[in-house]
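Notes for the one structure printed next.
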Amino acid sequence: MKIKLLLILCLAFSCYNLAQTNSNSCAEADADTAITTAGTFTIAEVAGVGINGTEIPSPICATNGSGASNGEWYRYIPNDNYTVTITTDLAQNSGLDTRVHIYSGVCGNLVCEAGDDDAGSGFLSVATFNVISGTTYYIAFDDRWNDSGFDWELIEGTVVNPPPPAPVTFTQQSLSTTGTNRAVVDMNGDFLDDIVAVNATNINIRHQLTTGGFDNVNITTTSADFTPSWSLAAADYNADGYTDLVYGGGSGVTFMRSDGTGTGFTEVSGPEYVFSQRSNFVDINMDGHLDAFVCHDVQPTVYYLNDGSGNLTYYQTATSGAPFNLGDYSSGGHYGSIWVDYDNDGDSDMFIAKCGGEEARRRNQMHRNESYYDVNDNLIVSYTEVALSIGLSDPMQTWSSAWGDFDNDGDMDVFVGASTGAHKLMRNDIDGSGNVTFTDVSSTSGILTMTSTGIENVTYDFDNDGNLDIASNGNLLIGNGDMTFTLYENVLPVGSFGDLNNDGFIDGFSSGGTIFMNDTTNNNWITINTVGTASNINGIGARITIETPSGFQIRDVRSGDGFRYMNTLNTHFGLGTDTSITSITIEWPSGIVDTIFNPAINQTHNYVEGTNQLSVDEFLISDLILYPNPTSHYLNLNTENHELDKAEFSIFDISGRQAFKGKIYDNKIDVSRLQSGNYILKIDANGSVKAQKFIKK
């Protein structure tokens, strides 16, 4: 081990120094004198090398993967509950490139608390995290980029009080896989979430068994031109009953298309250069077939349109012949795409979390789906970038966002997770005419207590209390249902999420091969699996709404959230203490709406598109009068009943296809967006249904 000196502090001509040690390994750091106070430390160079310890920090807590060959280790034991910052962003380190990892736990079984590569100026590191008095932490630097010596500083900031015990806990168990762990998703059509790991010539699937546990299947593939170094998305895009994969690599895109047997894949790689980031399966052109979208880091985004037979045609935004403009900044910066119906009009819009470079390059984007049916009933699909007008054009550094209805008011809010800097929570404020603005509620939400940053952000109801939670880079923000959260640090994996033992609770699987099995609560739940017919087979893009005695909850079915991993395609709701569900409404991308009344709880239900439609006659009533009728702009309601204030409404064409939906304000509805024709207005208010026909001039 090597003795390093704390830099000398001189005040009023008097100086003091405190000796501390750094070590070649975690075990040596355990035997060394621990750091117990703030200070600045030096990793000195010996024979021109600073970082030459024998143990490489593991697991990797910072970005940019493996590749280090040496490490330097310190042990730190705080004497209070602090917010701590580890930084190499010091003037004397200018021009250097550092990477830091911070752990709790014990040597041989370390848990990442924080880490950073390039959050500081240039390529220097800054990592901030909360510590608990008397707990041992390990600080490790590696030579992923540079083995020079440098100074680093430990800053003890605000004293923080630890939160109460977490409402949900997880039990860890190892599961060996072959390849890089990338997905928790059903691969064989039995609706049970499986675990997927891949390498260039093999797909390793750990199928979940109905009896519990997993089998182990290796499927040899033709060598993939591009492995999923950056992202993986999954869905059945060729509609053969088995799940296909898209690999986002650093130089291009590979599709692994199932052969319809569950035992083989056809490798499809295009010649196009794509510095892939987040990828998604989604029906971009709304023809009922799944397409693929891929963020491009250094050029405009790309997408692949499905001809209906599983054949994909490549397009790049802003090039000749590309039918849709979906992120055309010339030098890219496109990192985390996610498809979500943010404006409640029944179709999927697309948000891109952006990062890097000049301010314009890193401004987040929202591409609103402007689709409509013309007078000849032809579907016209287009997208318009509207982030600035709705309050989401933010130049923060972010790689992914988590979208969900965090206050259960019927619209999608968004947590934008920072890769550096401060996170943001934006509340969706949608009015009765469908106009949307997002309001920054970060300062009152509790999310700013989470000072650690990263690239992975998703949302699930982990404790099944009926309020969505946020998983952010191993941290868990427990939702309170009112746009506020309580932080629990380092309790989840950085990896994929789904139900790995079919018990109705969301589990996790880490990139390192560890299952985080949910220990469950006493709360109730329901899981819904969607099977499209007129829409794509997975029902991706569907909006699911459940009504319980406590109110409404919504989810969108989507493939590809967070940044790198693929999560379950099954739709999960926690019910809290509610013991019944009044109704489930599934609004399919085709416009078909299925309604299921009084489903059993604590079960998984599979619903096929169109098998639970209400006919027009089933919900038409005569005590709701609309005027003027016919109308060219507003429909007024003949009631002063306050039950209808902010009630949910849907408008259907005469064939039963949903045209749009929203909430009622001031007893009127703006229908100016509709084409001329006959329609039906349906209103859901406190468990009752009111409906009537009207004519749009």
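In the structure tokens, the first chain shown is A, the next is B, and so on; residue numbers restart at 1 for each chain, and ligands run from 1 in the order shown.
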
Practice prompt. Tell me which protein, DNA and RNA residues are within 7 Å of Asn52 of chain A, counting only C-alpha atoms, leaving out same-chain ones fewer than 3 positions away, and put them as a ChimeraX atom specification.
Written response: /A:49,70-71

Can you write just those residues out, N, CA, C and O atoms, as a PDB file, in the first residue's frame?
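Output contents, as saved in out_5.pdb:
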ATOM      1  N   VAL A  49       3.302   6.742 -13.182  1.00  0.00           N
ATOM      2  CA  VAL A  49       1.975   6.133 -13.137  1.00  0.00           C
ATOM      3  C   VAL A  49       1.330   6.450 -11.792  1.00  0.00           C
ATOM      4  O   VAL A  49       1.950   6.274 -10.738  1.00  0.00           O
ATOM      5  N   ASN A  70      -6.515  -1.063 -13.795  1.00  0.00           N
ATOM      6  CA  ASN A  70      -5.998  -0.836 -12.438  1.00  0.00           C
ATOM      7  C   ASN A  70      -6.963   0.052 -11.669  1.00  0.00           C
ATOM      8  O   ASN A  70      -7.849   0.687 -12.247  1.00  0.00           O
ATOM      9  N   GLY A  71      -6.766   0.110 -10.352  1.00  0.00           N
ATOM     10  CA  GLY A  71      -7.608   0.950  -9.518  1.00  0.00           C
ATOM     11  C   GLY A  71      -6.878   1.431  -8.283  1.00  0.00           C
ATOM     12  O   GLY A  71      -5.818   0.912  -7.903  1.00  0.00           O
TER      13      GLY A  71
END

Practice prompt. Using only C-alpha atoms, determine which residues lie at most 12 Å from Asp578 of chain A, disregarding the query and same-chain residues fewer than 3 positions distant; provide the list as number ranges by chain.
Written response: A: 464-466, 522-526, 546-552, 573-575, 581-582, 600-602

Worksheet item: Using only C-alpha atoms, which of the listed residues (A:Phe170, A:Ala29, A:Val268, A:Tyr679) sits closest to Met517 of chain A?
Response: A:Phe170

Worksheet entry | Residue list (strand (DSSP E), DSSP) for segment 229-337 of chain A, as a PyMOL selection string | chain A and resi 231-235+244-248+253-258+265-269+276-282+291-296+302-306+312-316+334-337

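Using only C-alpha atoms, the shortest contact distance between Leu448 of chain A and any of A:Arg362, A:Phe129, A:Ser583, A:Ala183 is found at A:Phe129.
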
Worksheet item: Nearest to Thr521 of chain A among A:Thr301, A:Ser472, A:Thr317, A:Thr577, with distances taken over only C-alpha atoms: which residue is it?
Response: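 Closest residue, counting only C-alpha atoms: A:Thr577.
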
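Within 8 Å of Tyr74 of chain A, once only C-alpha atoms are used and residues closer than 2 positions along the same chain are dropped, the contacting residues are A:Thr21, A:Asn22, A:Ser23, A:Cys26, A:Ala29, A:Ala34, A:Ile35, A:Glu72, A:Tyr76, A:Tyr138, A:Ile139, A:Ala140.
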
Residue selection dump (N, CA and C atoms) as a short mmCIF file (atom, residue, chain, number, x, y, z; two decimals), in the first residue's frame:
data_model
loop_
_atom_site.label_atom_id
_atom_site.label_comp_id
_atom_site.auth_asym_id
_atom_site.auth_seq_id
_atom_site.Cartn_x
_atom_site.Cartn_y
_atom_site.Cartn_z
N THR A 21 -4.39 7.08 3.88
CA THR A 21 -3.80 6.11 2.96
C THR A 21 -4.80 5.73 1.88
N ASN A 22 -4.26 5.41 0.73
CA ASN A 22 -5.07 4.77 -0.30
C ASN A 22 -4.43 3.43 -0.61
N SER A 23 -5.15 2.56 -1.28
CA SER A 23 -4.74 1.16 -1.34
C SER A 23 -4.89 0.59 -2.73
N CYS A 26 -9.66 -3.28 -2.44
CA CYS A 26 -10.67 -3.05 -1.42
C CYS A 26 -10.22 -3.63 -0.08
N ALA A 29 -7.78 -1.43 1.58
CA ALA A 29 -8.44 -0.24 2.12
C ALA A 29 -9.09 -0.55 3.46
N ALA A 34 -9.23 4.77 7.94
CA ALA A 34 -10.35 5.29 7.15
C ALA A 34 -10.36 6.80 7.13
N ILE A 35 -10.86 7.37 6.04
CA ILE A 35 -11.15 8.80 5.99
C ILE A 35 -12.41 9.04 6.83
N GLU A 72 -7.43 2.46 -7.65
CA GLU A 72 -6.96 2.96 -6.36
C GLU A 72 -8.17 3.05 -5.44
N TYR A 76 -14.06 5.24 3.58
CA TYR A 76 -14.59 6.46 4.18
C TYR A 76 -15.71 6.10 5.14
N TYR A 138 -16.68 2.83 0.19
CA TYR A 138 -15.41 2.66 -0.53
C TYR A 138 -15.42 3.59 -1.75
N ILE A 139 -14.34 4.33 -1.90
CA ILE A 139 -14.17 5.25 -3.03
C ILE A 139 -13.04 4.69 -3.89
N ALA A 140 -13.34 4.43 -5.16
CA ALA A 140 -12.36 3.79 -6.03
C ALA A 140 -12.26 4.53 -7.35
#

Worksheet item: Which residues come within 9 Å of Thr514 of chain A, counting only C-alpha atoms, excluding same-chain residues fewer than 5 positions away, as a count of residues only?
Response: 8

If we count only C-alpha atoms and set the cut-off at 7 Å, which residues sit around Ser559 of chain A, ignoring sequence neighbours fewer than 6 positions away in its own chain? Please answer as a PDB file with N, CA, C and O atoms, in the first residue's frame.
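Final output, saved to result.pdb:
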ATOM      1  N   ALA A 233     -34.580  -3.310 -27.730  1.00  0.00           N
ATOM      2  CA  ALA A 233     -36.037  -3.254 -27.642  1.00  0.00           C
ATOM      3  C   ALA A 233     -36.596  -4.570 -28.151  1.00  0.00           C
ATOM      4  O   ALA A 233     -35.954  -5.282 -28.939  1.00  0.00           O
ATOM      5  N   ALA A 234     -37.813  -4.913 -27.693  1.00  0.00           N
ATOM      6  CA  ALA A 234     -38.411  -6.206 -28.020  1.00  0.00           C
ATOM      7  C   ALA A 234     -39.897  -6.040 -28.312  1.00  0.00           C
ATOM      8  O   ALA A 234     -40.591  -5.260 -27.667  1.00  0.00           O
ATOM      9  N   ALA A 235     -40.382  -6.806 -29.292  1.00  0.00           N
ATOM     10  CA  ALA A 235     -41.805  -6.899 -29.630  1.00  0.00           C
ATOM     11  C   ALA A 235     -41.928  -7.904 -30.765  1.00  0.00           C
ATOM     12  O   ALA A 235     -40.931  -8.278 -31.408  1.00  0.00           O
ATOM     13  N   ASN A 280     -36.987   1.737 -30.028  1.00  0.00           N
ATOM     14  CA  ASN A 280     -38.363   1.400 -29.661  1.00  0.00           C
ATOM     15  C   ASN A 280     -39.036   0.635 -30.795  1.00  0.00           C
ATOM     16  O   ASN A 280     -38.752   0.881 -31.969  1.00  0.00           O
ATOM     17  N   PHE A 281     -39.931  -0.273 -30.440  1.00  0.00           N
ATOM     18  CA  PHE A 281     -40.916  -0.773 -31.396  1.00  0.00           C
ATOM     19  C   PHE A 281     -42.207  -0.004 -31.170  1.00  0.00           C
ATOM     20  O   PHE A 281     -42.695   0.121 -30.029  1.00  0.00           O
ATOM     21  N   ILE A 540     -49.087  -2.438 -28.501  1.00  0.00           N
ATOM     22  CA  ILE A 540     -48.218  -1.309 -28.167  1.00  0.00           C
ATOM     23  C   ILE A 540     -48.869  -0.020 -28.668  1.00  0.00           C
ATOM     24  O   ILE A 540     -49.294   0.071 -29.818  1.00  0.00           O
ATOM     25  N   LEU A 569     -43.642  -6.103 -21.361  1.00  0.00           N
ATOM     26  CA  LEU A 569     -44.741  -5.584 -22.180  1.00  0.00           C
ATOM     27  C   LEU A 569     -46.090  -5.764 -21.492  1.00  0.00           C
ATOM     28  O   LEU A 569     -47.115  -5.310 -22.003  1.00  0.00           O
TER      29      LEU A 569
END

Worksheet item: Rounded to one decimal in Å, what is the spacing between atom CA of Leu90 of chain A and atom CA of Gly39 of chain A?
Response: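 For atom CA of Leu90 of chain A relative to atom CA of Gly39 of chain A, the distance reads 12.8 Å.
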
Just the residues within 10 Å of Gly308 of chain A, please, counting only C-alpha atoms, with nothing from its chain fewer than 3 positions along; format it as a PDB file with N, CA, C and O atoms, in the first residue's frame.
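result24.pdb, freshly written:
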ATOM      1  N   TYR A 237     -42.694  -7.978 -34.060  1.00  0.00           N
ATOM      2  CA  TYR A 237     -42.975  -7.104 -35.200  1.00  0.00           C
ATOM      3  C   TYR A 237     -43.384  -7.871 -36.452  1.00  0.00           C
ATOM      4  O   TYR A 237     -44.013  -7.309 -37.345  1.00  0.00           O
ATOM      5  N   ASN A 238     -43.053  -9.179 -36.533  1.00  0.00           N
ATOM      6  CA  ASN A 238     -43.527  -9.959 -37.684  1.00  0.00           C
ATOM      7  C   ASN A 238     -44.756 -10.786 -37.347  1.00  0.00           C
ATOM      8  O   ASN A 238     -45.210 -11.599 -38.158  1.00  0.00           O
ATOM      9  N   ALA A 239     -45.321 -10.588 -36.155  1.00  0.00           N
ATOM     10  CA  ALA A 239     -46.626 -11.128 -35.751  1.00  0.00           C
ATOM     11  C   ALA A 239     -46.723 -12.641 -35.925  1.00  0.00           C
ATOM     12  O   ALA A 239     -47.747 -13.156 -36.381  1.00  0.00           O
ATOM     13  N   ASP A 287     -50.542   1.903 -39.210  1.00  0.00           N
ATOM     14  CA  ASP A 287     -51.176   0.986 -40.158  1.00  0.00           C
ATOM     15  C   ASP A 287     -51.458  -0.374 -39.545  1.00  0.00           C
ATOM     16  O   ASP A 287     -51.863  -1.310 -40.239  1.00  0.00           O
ATOM     17  N   GLY A 288     -51.237  -0.521 -38.236  1.00  0.00           N
ATOM     18  CA  GLY A 288     -51.499  -1.779 -37.557  1.00  0.00           C
ATOM     19  C   GLY A 288     -50.310  -2.702 -37.465  1.00  0.00           C
ATOM     20  O   GLY A 288     -50.430  -3.807 -36.923  1.00  0.00           O
ATOM     21  N   HIS A 289     -49.143  -2.256 -37.967  1.00  0.00           N
ATOM     22  CA  HIS A 289     -47.935  -3.080 -37.950  1.00  0.00           C
ATOM     23  C   HIS A 289     -46.824  -2.347 -37.202  1.00  0.00           C
ATOM     24  O   HIS A 289     -46.668  -1.131 -37.334  1.00  0.00           O
ATOM     25  N   LEU A 290     -46.045  -3.116 -36.446  1.00  0.00           N
ATOM     26  CA  LEU A 290     -45.001  -2.506 -35.639  1.00  0.00           C
ATOM     27  C   LEU A 290     -43.796  -2.099 -36.473  1.00  0.00           C
ATOM     28  O   LEU A 290     -43.243  -2.903 -37.234  1.00  0.00           O
ATOM     29  N   ASP A 291     -43.395  -0.858 -36.318  1.00  0.00           N
ATOM     30  CA  ASP A 291     -42.187  -0.319 -36.914  1.00  0.00           C
ATOM     31  C   ASP A 291     -41.124  -0.200 -35.816  1.00  0.00           C
ATOM     32  O   ASP A 291     -41.373  -0.532 -34.657  1.00  0.00           O
ATOM     33  N   LEU A 305     -39.880   1.197 -41.334  1.00  0.00           N
ATOM     34  CA  LEU A 305     -41.308   0.983 -41.492  1.00  0.00           C
ATOM     35  C   LEU A 305     -41.586  -0.422 -41.989  1.00  0.00           C
ATOM     36  O   LEU A 305     -40.927  -0.932 -42.902  1.00  0.00           O
ATOM     37  N   ASN A 311     -41.178  -7.107 -43.265  1.00  0.00           N
ATOM     38  CA  ASN A 311     -40.053  -6.532 -43.991  1.00  0.00           C
ATOM     39  C   ASN A 311     -39.954  -5.052 -43.642  1.00  0.00           C
ATOM     40  O   ASN A 311     -40.952  -4.324 -43.672  1.00  0.00           O
ATOM     41  N   LEU A 312     -38.755  -4.601 -43.326  1.00  0.00           N
ATOM     42  CA  LEU A 312     -38.543  -3.255 -42.829  1.00  0.00           C
ATOM     43  C   LEU A 312     -37.788  -2.407 -43.845  1.00  0.00           C
ATOM     44  O   LEU A 312     -36.800  -2.859 -44.435  1.00  0.00           O
ATOM     45  N   ASN A 536     -51.481  -3.552 -33.717  1.00  0.00           N
ATOM     46  CA  ASN A 536     -50.353  -4.479 -33.681  1.00  0.00           C
ATOM     47  C   ASN A 536     -50.586  -5.552 -32.624  1.00  0.00           C
ATOM     48  O   ASN A 536     -51.311  -5.356 -31.648  1.00  0.00           O
TER      49      ASN A 536
END

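With only C-alpha atoms as the atoms that count, the minimum distance from Ser445 of chain A to the choices A:Tyr607, A:Phe485, A:Phe462, A:Tyr273 is reached by A:Phe485.
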
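Between atom CA of Tyr342 of chain A and atom CA of Ser330 of chain A the separation is 26.0 Å.
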
Item to complete: Considering only C-alpha atoms, state which residue in the set A:Val184, A:Val414, A:Leu500, A:Leu681 is at the smallest distance from Val340 of chain A.
Response: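 Smallest distance to Val340 of chain A is found for A:Val414.
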
Practice prompt. Identify all residues of segment 303-485 of chain A in alpha helix (DSSP H) (DSSP on the backbone) and supply them as a ChimeraX atom specification.
Written response: /A:387-390,442-445

Fill in: Nearest-residue call for Ile390 of chain A, choices A:Tyr315, A:Phe351, A:Phe438, A:Phe516, using only C-alpha atoms
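Ranked by minimum distance to Ile390 of chain A, first place goes to A:Phe438.
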